[in-house]
There are 2 protein chains.
Amino acid sequence: MARKKTATLQSIADDHKVSIATVSRVLNNKGNVSNGLKEAITHSLIQNGYELANPVKQSQTVAVFVPDYSNPFNIDVLAGVEKAAKLAGYRMILIRTKSQETELKHYLSLIEDVDIIGIISLSPFNDVKTVQQLNAIIPTVMCSDYIYHDHLSFVSIDDTKAAYNATNFLLKAGCKNLIHITSTLNHNYAILRQEGFLAACTDYNIEVSEDNILYFSTINYDLAYSQLNYTFRNNKNIDGVFASSDIFAAAAVKAALNNDYRIPEDIAIIGFDNIDITSIIQPTITTVNQPRFDIGFQSLELLLEKIRKENTVEKQIFLETTLILREST
Amino acid sequence: MARKKTATLQSIADDHKVSIATVSRVLNNKGNVSNGLKEAITHSLIQNGYELANPVKQSQTVAVFVPDYSNPFNIDVLAGVEKAAKLAGYRMILIRTKSQETELKHYLSLIEDVDIIGIISLSPFNDVKTVQQLNAIIPTVMCSDYIYHDHLSFVSIDDTKAAYNATNFLLKAGCKNLIHITSTLNHNYAILRQEGFLAACTDYNIEVSEDNILYFSTINYDLAYSQLNYTFRNNKNIDGVFASSDIFAAAAVKAALNNDYRIPEDIAIIGFDNIDITSIIQPTITTVNQPRFDIGFQSLELLLEKIRKENTVEKQIFLETTLILREST
């Protein structure tokens, strides 16, 4: 039975020279009160017959960092994360992070008002150290975009192998003058996919010069179309395109048609990601499909494993890709 | 022990030529005081034996409810919200809400672990009462999707007017056998756009039967294509399509081409939203453009107004749409 209360919250607040809201927060275990003050007020409350609320529940929220909201690729990944979170009784919130930021404090400031139990990041980190620091504070799993490290967890695909297989398919079909369209090499995936492209060309003794690789700093359809239109007009013997993004592949389709190439008779085109547009435009586009939902789902499962085993588990998981054959090859 | 206070709050206020409320805000760490002034007043307060309240920072986080992550329409709206939030010094987090949920406690449980200062909802609410309850606890602005009410705030477009103008454009161009492709009428926007479609037809004395309106429960390209393919095969005199979504319009383009219609000679097609795909597929699609970025931006500005005036401001804002003319009309 509760003892008789011998002081009002107001008088306790006055004693500690704080607002009644602060006393109420301590009483209700709501946080945002410095530790020393919290102890002192707790002592007064108990002395005066108050019973404190049960200790604050563990957070049920997982934060997902995304680099942007506009990449359709991410949607299925997020659906996978969300499904796994729901099955485990967690909710998920999305926070956009920008890739320029490098410091730990930036990531912590992002979640300042949010009590979270773990982080899944689709956003690239700039260096291993930042991820390690963050992971030491809050269990963190990199998802899709990753930095390889034995003591950091991620779920992704083997970009090099997927790019090798796609390029190999073009070469096997008889293409001899390939171009590779990709993002600038400050993206980890762009480096790895270029490696796969180059390795396949080497295996077929196809020489690749600087002119065979087109880099774009953003994945923008209009920009890519305009550049490719110029490239195809001035270099009529290109017979194969491996693009590291479906948006680039769609731009290549339009530019090729505009320059009177027949697809796939004169030029074969392969994209990457299998976003909706590849099955909507004419001709439909052959592309590398990533198991997007599973990448998300397994990221959350790995995060839970880390949370439950208190951070001693770190795993690097690569899931399989498949080449979806359509009209462009 | 606290020192004896040697000056009243009023005299400190007088010294700094500010109101006593401002001094009180500094004393109670309530924010809304410029940094330089805050420092000076803090100094006076401490000099005169006052102890400042523990900093209990106000939340810097605005929660944005979204119905899904897959609607490309939302991306620009979110960019607008984010831009305005950044300018005001707030961060934004995204939380997915499902439209089936109706109770206040559902919305509160979504933000259980998150300390937020306001809500912007792109997700539809089921009834006025829920929004009113939520708004009484946390300042809330409906964005894009809304329920009209004098005491609730939203930023959106006039769907009926936009649909009227689009349909009117088709009728003016000579179309006589129109169909309207839309979502099932449990969506507010679908009801309003249908009203606009019907009003324009009435003004042109065009009779509209049940067969002239196709409803879909989800916005799915393949599903719409398959149905429209059947419709166009069996009803060769359709000469105009007003779709309440660009995805439906894109499906109509493919189905029309597949049934040997010439676009726009035999059939004119108008979509809604101006998503990327309308300028990528061949022929490009005429569509209703919403000022998406502005809808998001102004929603956040309206939310700030509510936060700063403590919830006494409720506004209903409609922004202008434009018809973007392309090859399909």
# chains A, B, ... in the order shown; residues from 1 in each chain; ligands from 1
>>> interface_residues(of="chain A", to="chain B", cutoff="9 Å", atoms="only C-alpha atoms", output="JSON list (two decimals) with C-alpha atoms, in the first residue's frame")
[["chain", "number", "residue", "atom", "x", "y", "z"],
["A", 17, "LYS", "CA", 14.78, 24.62, -7.48],
["A", 18, "VAL", "CA", 13.36, 22.94, -10.56],
["A", 19, "SER", "CA", 10.05, 23.13, -12.33],
["A", 22, "THR", "CA", 11.07, 18.17, -14.04],
["A", 32, "ASN", "CA", 15.77, 14.27, -19.96],
["A", 33, "VAL", "CA", 16.87, 14.94, -16.39],
["A", 34, "SER", "CA", 20.58, 14.92, -15.53],
["A", 59, "SER", "CA", 12.79, 1.25, -27.14],
["A", 60, "GLN", "CA", 10.77, -0.52, -29.81],
["A", 61, "THR", "CA", 12.07, 1.66, -32.60],
["A", 68, "ASP", "CA", 17.35, 9.79, -50.43],
["A", 69, "TYR", "CA", 13.68, 9.03, -50.82],
["A", 70, "SER", "CA", 13.79, 9.00, -54.60],
["A", 72, "PRO", "CA", 12.93, 3.19, -56.29],
["A", 74, "ASN", "CA", 15.15, 1.25, -51.80],
["A", 75, "ILE", "CA", 11.42, 0.76, -51.62],
["A", 76, "ASP", "CA", 11.53, -3.04, -51.66],
["A", 78, "LEU", "CA", 12.48, -0.95, -46.85],
["A", 79, "ALA", "CA", 9.50, -3.30, -47.26],
["A", 91, "ARG", "CA", 8.46, -0.18, -35.46],
["A", 92, "MET", "CA", 10.69, 1.50, -38.01],
["A", 93, "ILE", "CA", 11.35, 5.15, -38.69],
["A", 94, "LEU", "CA", 13.19, 6.62, -41.66],
["A", 95, "ILE", "CA", 15.84, 9.30, -41.34],
["A", 96, "ARG", "CA", 17.58, 10.79, -44.35],
["A", 110, "LEU", "CA", 20.10, 12.80, -36.25],
["A", 112, "GLU", "CA", 18.71, 13.17, -30.74],
["A", 113, "ASP", "CA", 14.96, 13.16, -30.13],
["A", 114, "VAL", "CA", 14.51, 9.50, -30.89],
["A", 115, "ASP", "CA", 14.99, 6.58, -28.52],
["A", 116, "ILE", "CA", 16.13, 3.75, -30.77],
["A", 221, "TYR", "CA", 17.79, 10.23, -66.95],
["A", 250, "ALA", "CA", 16.68, 3.38, -70.09],
["A", 251, "ALA", "CA", 18.53, 6.48, -71.31],
["A", 254, "LYS", "CA", 16.19, 6.00, -75.97],
["A", 277, "ILE", "CA", 10.64, 1.07, -65.60],
["A", 280, "ILE", "CA", 7.37, -0.73, -68.77],
["A", 281, "ILE", "CA", 9.39, 0.92, -71.55],
["A", 282, "GLN", "CA", 9.65, -0.51, -75.08]]
>>> calpha_fit_rmsd(fixed="chain A", moving="chain B")
8.7 Å
>>> atom_distance(atom1="CA of His187 in chain B", atom2="CA of Asp239 in chain B")
26.6 Å
>>> select_by_dssp(residues="range 23-171 of chain A", states="strand (DSSP E)", output="list of chain:residue names")
A:Thr61, A:Val62, A:Ala63, A:Val64, A:Phe65, A:Val66, A:Arg91, A:Met92, A:Ile93, A:Leu94, A:Ile95, A:Arg96, A:Gly118, A:Ile119, A:Ile120, A:Ser121, A:Thr140, A:Val141, A:Met142, A:Cys143, A:Ser153, A:Phe154, A:Val155, A:Ser156, A:Ile157
>>> residues_around(residues="Ile41 in chain A", least_positions_apart="4", cutoff="7 Å", atoms="only C-alpha atoms", output="VMD selection string")
chain A and resid 23 37 45
>>> residues_around(residues="Ile179 in chain A", least_positions_apart="5", cutoff="10 Å", atoms="only C-alpha atoms", output="PyMOL selection string")
chain A and resi 167+197+208-214+238-243+269
